[in-house]
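Asks: Quick one, coords_36.cif (mmCIF, C-alpha atoms):
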```cif
data_run
#
loop_
_atom_site.label_atom_id
_atom_site.label_comp_id
_atom_site.auth_asym_id
_atom_site.auth_seq_id
_atom_site.Cartn_x
_atom_site.Cartn_y
_atom_site.Cartn_z
CA MET A 1 -36.32 -13.61 8.63
CA LYS A 2 -35.77 -14.76 12.18
CA ALA A 3 -32.54 -14.11 14.03
CA SER A 4 -31.97 -17.84 14.39
CA GLU A 5 -32.30 -18.29 10.62
CA ILE A 6 -29.82 -15.50 9.97
CA THR A 7 -27.33 -17.02 12.40
CA GLU A 8 -27.69 -20.46 10.83
CA LEU A 9 -27.21 -19.13 7.30
CA PHE A 10 -24.26 -17.01 8.37
CA GLU A 11 -22.52 -20.03 9.86
CA LYS A 12 -23.18 -22.10 6.74
CA PHE A 13 -21.80 -19.43 4.38
CA GLU A 14 -18.74 -18.94 6.58
CA ALA A 15 -18.09 -22.69 6.77
CA ALA A 16 -18.38 -23.05 2.99
CA ALA A 17 -15.66 -20.47 2.31
CA SER A 18 -12.24 -21.77 1.33
CA GLU A 19 -8.96 -20.29 0.18
CA TYR A 20 -7.42 -20.73 -3.25
CA GLU A 21 -4.06 -19.08 -3.97
CA LYS A 22 -4.64 -16.84 -0.93
CA VAL A 23 -8.03 -15.65 -2.25
CA GLU A 24 -11.25 -16.36 -0.35
CA CYS A 25 -13.73 -18.20 -2.55
CA TRP A 26 -16.75 -20.50 -2.65
CA SER A 27 -17.47 -23.59 -4.74
CA ALA A 28 -20.34 -22.91 -7.12
CA ARG A 29 -21.66 -26.42 -6.47
CA GLU A 30 -21.75 -25.76 -2.73
CA LEU A 31 -23.18 -22.27 -3.22
CA GLN A 32 -25.93 -23.81 -5.34
CA GLN A 33 -27.14 -25.76 -2.32
CA LEU A 34 -26.72 -22.81 0.05
CA LEU A 35 -28.86 -20.63 -2.22
CA GLY A 36 -31.63 -23.21 -2.49
CA TYR A 37 -31.18 -24.33 -6.12
CA SER A 38 -31.85 -28.03 -6.60
CA LYS A 39 -30.67 -28.23 -10.23
CA TRP A 40 -27.25 -27.20 -11.50
CA GLU A 41 -28.75 -26.31 -14.88
CA ASN A 42 -30.89 -23.60 -13.29
CA PHE A 43 -28.10 -22.29 -11.09
CA SER A 44 -25.61 -22.17 -13.98
CA LYS A 45 -27.96 -19.71 -15.71
CA VAL A 46 -27.68 -17.40 -12.69
CA ILE A 47 -23.89 -17.70 -12.86
CA ASP A 48 -24.00 -16.78 -16.56
CA LYS A 49 -25.91 -13.59 -15.70
CA ALA A 50 -23.35 -12.80 -13.00
CA LYS A 51 -20.52 -13.29 -15.52
CA GLU A 52 -22.26 -10.95 -17.95
CA ALA A 53 -22.53 -8.29 -15.22
CA ALA A 54 -18.85 -8.72 -14.35
CA ASN A 55 -17.85 -8.52 -18.01
CA ASN A 56 -19.85 -5.30 -18.45
CA ALA A 57 -17.95 -3.89 -15.46
CA GLY A 58 -14.65 -4.61 -17.19
CA VAL A 59 -13.72 -7.42 -14.80
CA ASN A 60 -11.43 -10.27 -15.88
CA LEU A 61 -13.72 -13.30 -15.60
CA SER A 62 -10.87 -15.77 -15.09
CA ASP A 63 -9.91 -13.89 -11.91
CA HIS A 64 -13.35 -14.31 -10.34
CA PHE A 65 -14.97 -17.32 -12.08
CA PRO A 66 -12.18 -19.87 -12.75
CA ASP A 67 -13.42 -23.27 -13.96
CA ILE A 68 -12.32 -26.32 -11.97
CA ARG A 69 -13.14 -30.02 -11.73
CA LYS A 70 -14.72 -31.39 -8.58
CA VAL A 71 -14.36 -35.01 -7.50
CA ILE A 72 -17.49 -36.56 -5.95
CA GLU A 73 -18.37 -40.01 -4.66
CA ALA A 74 -21.06 -41.97 -6.45
CA GLY A 75 -22.75 -45.17 -5.39
CA LYS A 76 -20.77 -48.22 -4.26
CA GLY A 77 -17.62 -46.19 -3.66
CA ALA A 78 -17.24 -45.03 -7.25
CA ILE A 79 -15.93 -41.54 -7.87
CA HIS A 80 -16.14 -39.23 -10.84
CA GLU A 81 -15.44 -35.62 -11.75
CA ILE A 82 -17.99 -32.91 -12.39
CA GLU A 83 -17.68 -29.32 -13.58
CA ASP A 84 -17.40 -26.65 -10.89
CA ILE A 85 -16.48 -22.98 -10.64
CA LEU A 86 -14.56 -21.17 -7.94
CA LEU A 87 -16.34 -17.93 -7.08
CA THR A 88 -14.60 -15.04 -5.38
CA ARG A 89 -16.48 -12.91 -2.88
CA TYR A 90 -17.20 -10.42 -5.67
CA ALA A 91 -18.44 -13.18 -7.96
CA CYS A 92 -20.71 -14.52 -5.21
CA TYR A 93 -22.11 -11.02 -4.73
CA LEU A 94 -22.99 -10.82 -8.43
CA VAL A 95 -24.52 -14.32 -8.35
CA ALA A 96 -26.69 -13.34 -5.38
CA GLN A 97 -27.75 -10.13 -7.12
CA ASN A 98 -28.91 -12.16 -10.14
CA GLY A 99 -30.66 -14.89 -8.14
CA ASP A 100 -34.32 -15.30 -7.26
CA SER A 101 -34.79 -12.72 -4.50
CA ARG A 102 -37.94 -14.50 -3.34
CA LYS A 103 -35.70 -17.18 -1.87
CA THR A 104 -34.77 -16.55 1.75
CA GLN A 105 -31.23 -17.76 1.09
CA ILE A 106 -30.80 -15.33 -1.83
CA SER A 107 -32.04 -12.42 0.25
CA PHE A 108 -29.53 -13.29 2.95
CA ALA A 109 -26.69 -13.80 0.44
CA GLN A 110 -27.32 -10.43 -1.20
CA ASN A 111 -26.73 -8.73 2.13
CA TYR A 112 -23.97 -11.08 3.29
CA PHE A 113 -21.79 -10.65 0.20
CA ALA A 114 -22.60 -6.93 -0.14
CA VAL A 115 -21.24 -6.32 3.36
CA GLN A 116 -18.23 -8.56 2.73
CA THR A 117 -17.47 -6.87 -0.59
CA ARG A 118 -17.76 -3.41 0.94
CA ARG A 119 -15.48 -4.48 3.79
CA ALA A 120 -12.87 -5.65 1.28
CA GLU A 121 -13.13 -2.32 -0.55
CA LEU A 122 -12.63 -0.42 2.70
CA ILE A 123 -9.60 -2.52 3.60
CA THR A 124 -8.11 -1.96 0.15
CA GLN A 125 -8.74 1.78 0.40
CA ARG A 126 -7.13 1.94 3.83
CA ILE A 127 -4.05 0.04 2.63
CA LEU A 128 -3.63 2.36 -0.37
CA GLU A 129 -4.07 5.45 1.81
CA GLY A 130 -1.49 4.10 4.26
CA GLU A 131 0.97 3.53 1.42
CA ARG A 132 0.49 7.12 0.25
CA VAL A 133 1.13 8.50 3.75
CA LYS A 134 4.30 6.37 4.00
CA ALA A 135 5.45 7.50 0.56
CA ARG A 136 5.01 11.14 1.56
CA ALA A 137 6.98 10.62 4.79
CA LYS A 138 9.71 8.91 2.77
CA LEU A 139 9.92 11.85 0.34
CA ILE A 140 10.23 14.31 3.25
CA GLU A 141 13.12 12.26 4.66
CA THR A 142 14.81 11.92 1.24
CA GLU A 143 14.60 15.67 0.61
CA ARG A 144 15.89 16.39 4.12
CA LYS A 145 18.95 14.22 3.47
CA LEU A 146 19.44 15.74 0.02
CA SER A 147 19.27 19.23 1.52
CA GLY A 148 22.02 18.25 3.97
CA VAL A 149 24.21 16.84 1.20
CA LEU A 150 23.77 19.98 -0.88
CA TYR A 151 24.45 22.30 2.06
CA GLU A 152 27.85 20.64 2.49
CA ARG A 153 28.53 21.41 -1.18
CA GLY A 154 27.75 25.11 -1.15
CA VAL A 155 23.98 25.16 -1.70
CA ASP A 156 21.88 26.98 0.90
CA ASN A 157 18.15 26.54 1.58
CA LYS A 158 17.17 29.09 -1.06
CA GLY A 159 19.36 27.36 -3.61
CA PHE A 160 17.91 23.97 -2.70
CA ALA A 161 14.37 25.30 -3.19
CA ILE A 162 15.31 26.55 -6.67
CA ILE A 163 16.95 23.21 -7.58
CA ARG A 164 13.91 21.28 -6.35
CA SER A 165 11.60 23.54 -8.35
CA LYS A 166 13.68 23.02 -11.50
CA GLY A 167 13.46 19.29 -10.94
CA ASP A 168 9.68 19.41 -10.61
CA GLN A 169 9.47 21.40 -13.82
CA ALA A 170 11.55 18.77 -15.63
CA LEU A 171 9.41 15.93 -14.26
CA PHE A 172 5.97 17.50 -14.74
CA ARG A 173 6.66 20.10 -17.47
CA LEU A 174 4.88 22.64 -15.27
CA SER A 175 6.13 25.51 -13.12
CA THR A 176 5.64 25.37 -9.34
CA ALA A 177 2.67 27.76 -9.59
CA GLN A 178 1.12 25.70 -12.39
CA LEU A 179 1.71 22.49 -10.45
CA LYS A 180 -0.06 23.88 -7.39
CA ARG A 181 -3.04 24.91 -9.49
CA ARG A 182 -3.05 21.52 -11.21
CA PHE A 183 -3.13 19.60 -7.93
CA GLY A 184 -5.18 22.11 -5.94
CA ALA A 185 -2.40 22.81 -3.44
CA PRO A 186 -2.61 26.03 -1.37
CA GLU A 187 0.24 28.50 -1.89
CA THR A 188 1.71 27.76 1.53
CA ARG A 189 1.65 23.96 1.19
CA PRO A 190 4.04 21.57 -0.61
CA VAL A 191 2.49 20.36 -3.85
CA ALA A 192 3.53 16.77 -3.00
CA ASP A 193 0.88 16.77 -0.24
CA PHE A 194 -1.76 16.74 -2.98
CA MET A 195 -0.16 14.31 -5.42
CA PRO A 196 -1.16 10.67 -5.90
CA THR A 197 1.24 8.02 -4.62
CA ILE A 198 2.93 7.49 -8.00
CA GLY A 199 3.75 11.21 -8.24
CA ILE A 200 5.22 11.26 -4.74
CA LYS A 201 7.34 8.18 -5.45
CA ALA A 202 8.52 9.64 -8.76
CA LYS A 203 9.79 12.74 -6.97
CA ASP A 204 11.38 10.56 -4.30
CA LEU A 205 13.23 8.42 -6.85
CA ALA A 206 14.61 11.47 -8.66
CA ALA A 207 15.76 13.00 -5.35
CA GLU A 208 17.42 9.74 -4.29
CA MET A 209 19.25 9.59 -7.63
CA THR A 210 20.47 13.15 -7.19
CA SER A 211 21.67 12.51 -3.66
CA THR A 212 23.59 9.43 -4.81
CA ASN A 213 25.13 11.02 -7.92
CA VAL A 214 26.09 14.30 -6.27
CA GLN A 215 28.28 12.33 -3.90
CA ALA A 216 29.48 9.76 -6.44
CA LYS A 217 30.44 12.45 -8.96
CA ASP A 218 31.69 14.82 -6.24
CA LEU A 219 29.58 17.72 -7.54
CA ASN A 220 29.83 21.14 -5.90
CA GLY A 221 27.93 24.39 -6.35
CA ALA A 222 24.39 25.14 -7.50
CA ASN A 223 24.81 24.91 -11.28
CA PRO A 224 26.24 21.38 -11.66
CA ILE A 225 23.92 20.03 -8.97
CA GLU A 226 20.90 21.67 -10.59
CA LYS A 227 21.88 20.12 -13.94
CA GLU A 228 22.18 16.68 -12.27
CA HIS A 229 18.80 17.01 -10.56
CA VAL A 230 17.06 18.11 -13.76
CA GLU A 231 18.57 15.18 -15.69
CA ASN A 232 17.42 12.73 -13.02
CA ASN A 233 13.87 14.07 -13.11
CA LEU A 234 13.89 13.88 -16.92
CA ALA A 235 15.02 10.25 -16.66
CA VAL A 236 12.16 9.44 -14.28
CA ARG A 237 9.74 11.24 -16.58
CA ARG A 238 10.89 9.19 -19.59
CA MET A 239 10.38 5.98 -17.62
CA LEU A 240 6.84 7.00 -16.66
CA ILE A 241 5.98 8.07 -20.21
CA GLU A 242 7.26 4.74 -21.55
CA ARG A 243 4.87 2.96 -19.16
CA GLY A 244 1.91 5.07 -20.28
CA ILE A 245 1.93 7.47 -17.34
CA GLN A 246 2.00 11.19 -18.14
CA PRO A 247 3.09 12.98 -14.92
CA GLU A 248 1.34 16.29 -15.59
CA LEU A 249 -1.97 14.47 -16.16
CA MET A 250 -1.92 12.61 -12.84
CA PRO A 251 -5.17 13.20 -10.92
CA PRO A 252 -4.96 15.33 -7.76
CA ALA A 253 -5.33 13.50 -4.47
CA GLU A 254 -6.80 14.34 -1.08
CA ASP A 255 -4.60 16.37 1.28
CA VAL A 256 -2.22 13.75 2.67
CA LYS A 257 -2.32 15.38 6.10
CA LYS A 258 -6.09 14.88 6.26
CA VAL A 259 -5.63 11.26 5.21
CA GLU A 260 -3.02 10.73 7.92
CA ARG A 261 -5.25 12.29 10.59
CA ARG A 262 -8.16 10.08 9.51
CA LEU A 263 -6.06 6.92 9.62
CA ASN A 264 -4.69 7.83 13.06
CA SER A 265 -8.20 8.58 14.33
CA GLU A 266 -9.53 5.26 13.05
CA GLU A 267 -6.62 3.43 14.65
CA LYS A 268 -7.23 5.09 18.01
CA LYS A 269 -10.93 4.18 17.87
CA ALA A 270 -10.08 0.58 17.00
CA LEU A 271 -7.67 0.35 19.93
CA LYS A 272 -10.23 1.95 22.25
CA ASN A 273 -12.90 -0.56 21.19
CA LYS A 274 -10.58 -3.47 22.00
CA LYS A 275 -10.28 -2.41 25.63
#
```
Show me the file's structure as structure tokens.
Replies:
Amino acid sequence: MKASEITELFEKFEAAASEYEKVECWSARELQQLLGYSKWENFSKVIDKAKEAANNAGVNLSDHFPDIRKVIEAGKGAIHEIEDILLTRYACYLVAQNGDSRKTQISFAQNYFAVQTRRAELITQRILEGERVKARAKLIETERKLSGVLYERGVDNKGFAIIRSKGDQALFRLSTAQLKRRFGAPETRPVADFMPTIGIKAKDLAAEMTSTNVQAKDLNGANPIEKEHVENNLAVRRMLIERGIQPELMPPAEDVKKVERRLNSEEKKALKNKK
């Protein structure tokens, strides 16, 4: 395929894209023409194969292949409606994969939508990783404030560590040593650095509740504060269990410090490339 052909097809595919409820999509009728299919009957069979592939992957078809009506002009100014389908980028990728690869347009589309889909996956991954880094930073700040509140009420650093450990045991039903083995955390590192985002946020919520209630109830000394913290972690655990999330079965996550370094490195490279 010549460079000029690639450029022309790229511009056509970009121009055909539209936005529906903030989701980028393509009209199946327009994609039919872009992919070189003269008859809708033939192209609809390709779409059916794409739907089957999506269904086998556990995808909700209505999210990626919603049916719509398209208004077109007929002869002498008459208009009428025809069936159409809005295809998300993922749906277009599956359509291209099930098309006639001998067609130049299909070959281009397979690569075009594969790259676009992969780019969307990378963006999603980066957003989720950023949220996890922020959640971990938030937990560090929450525990720092809680430590200060407890210190004013007769609990030193050693006492705070014990209270925090008791809270973790109530939330995860595992000792600190067992938790570290479960999440693959080195002995010298906080186990939260290796938890998924939901685990970090669960710990943060329990700590926030303790900080609030210790002051609201005017609690003093290690024993009543420990009891409060354990009860708050048990409450968070019950909420998670009710929503089908078992804290001790959460999958371990990549070292959050490595994730943060990678994100910072990528950001620096992006800024450098803009100069």
Asks: Do you know which residues the PyMOL selection byres ((chain A and resi 169) around 12) returns on this file, as a ChimeraX atom specification?
Replies: /A:162-168,170-180,203,226,229-234,237,247-248
Asks: What separation in Å, quoted to one decimal, exists between CA of Thr104 (chain A) and CA of Val59 (chain A)?
Replies: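 We find that CA of Thr104 (chain A) and CA of Val59 (chain A) lie 28.3 Å from each other.
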Asks: Which residues are close to Glu131 (chain A), i.e. within 8 Å by all atoms listed in the file, leaving aside same-chain residues fewer than 4 positions away? Reply as a PDB file with C-alpha atoms, in the coordinates of the input.
Replies:
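Written out: selection_1.pdb:
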```
ATOM      1  CA  ILE A 127      -4.050   0.040   2.630  1.00  0.00           C
ATOM      2  CA  ALA A 135       5.450   7.500   0.560  1.00  0.00           C
ATOM      3  CA  THR A 197       1.240   8.020  -4.620  1.00  0.00           C
TER       4      THR A 197
END
```
Asks: Evaluate the PyMOL selection byres ((chain A and resi 106) around 10) here and jot the selected residues down as a short mmCIF file (atom, residue, chain, number, x, y, z; two decimals) with C-alpha atoms, in the coordinates of the input.
Replies:
```cif
data_model
loop_
_atom_site.label_atom_id
_atom_site.label_comp_id
_atom_site.auth_asym_id
_atom_site.auth_seq_id
_atom_site.Cartn_x
_atom_site.Cartn_y
_atom_site.Cartn_z
CA LEU A 34 -26.72 -22.81 0.05
CA LEU A 35 -28.86 -20.63 -2.22
CA GLY A 36 -31.63 -23.21 -2.49
CA TYR A 37 -31.18 -24.33 -6.12
CA VAL A 95 -24.52 -14.32 -8.35
CA ALA A 96 -26.69 -13.34 -5.38
CA GLN A 97 -27.75 -10.13 -7.12
CA ASN A 98 -28.91 -12.16 -10.14
CA GLY A 99 -30.66 -14.89 -8.14
CA ASP A 100 -34.32 -15.30 -7.26
CA SER A 101 -34.79 -12.72 -4.50
CA ARG A 102 -37.94 -14.50 -3.34
CA LYS A 103 -35.70 -17.18 -1.87
CA THR A 104 -34.77 -16.55 1.75
CA GLN A 105 -31.23 -17.76 1.09
CA SER A 107 -32.04 -12.42 0.25
CA PHE A 108 -29.53 -13.29 2.95
CA ALA A 109 -26.69 -13.80 0.44
CA GLN A 110 -27.32 -10.43 -1.20
CA ASN A 111 -26.73 -8.73 2.13
CA TYR A 112 -23.97 -11.08 3.29
#
```
Asks: When you count all atoms listed in the file, which of these residues is closest to Gly199 (chain A): A:Lys45, A:Glu81, A:Asn55, A:Leu139?
Replies: A:Leu139
Asks: When you count only C-alpha atoms, which of these residues is closest to Asn60 (chain A): A:Leu128, A:Ala185, A:Ala91, A:Val149?
Replies: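 Residue with the minimum atom-to-atom distance to Asn60 (chain A): A:Ala91.
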Asks: Do you have the CA of Glu41 (chain A)-CA of Val71 (chain A) distance handy?
Replies: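 Result for CA of Glu41 (chain A) versus CA of Val71 (chain A): 18.4 Å, one decimal.
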Asks: Once the PyMOL selection byres ((chain A and resi 132) around 9) is applied to the coordinates I shared, what remains selected? I want it as a VMD selection string.
Replies: chain A and resid 127 to 131 133 to 137 196 to 198 200 to 201 256 259
Asks: Neighbours of region 18-27 of chain A within 8 Å (only C-alpha atoms; same-chain residues fewer than 2 positions away dropped), as a VMD selection string?
Replies: chain A and resid 16 29 to 31 84 to 89 92
Asks: Considering only C-alpha atoms, return as JSON, numbers by chain whatever protein or nucleic-acid residues lie within 9 Å of region 153-160 of chain A, sequence-local ones (same chain, fewer than 6 positions apart) excluded.
Replies: {"A": [146, 147, 218, 219, 220, 221, 222, 225, 226]}
Asks: One decimal, Å: what's the distance from CA of Leu94 (chain A) over to CA of Ala50 (chain A), could you say?
Replies: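 Taking CA of Leu94 (chain A) as the start and CA of Ala50 (chain A) as the end point, the length is 5.0 Å.
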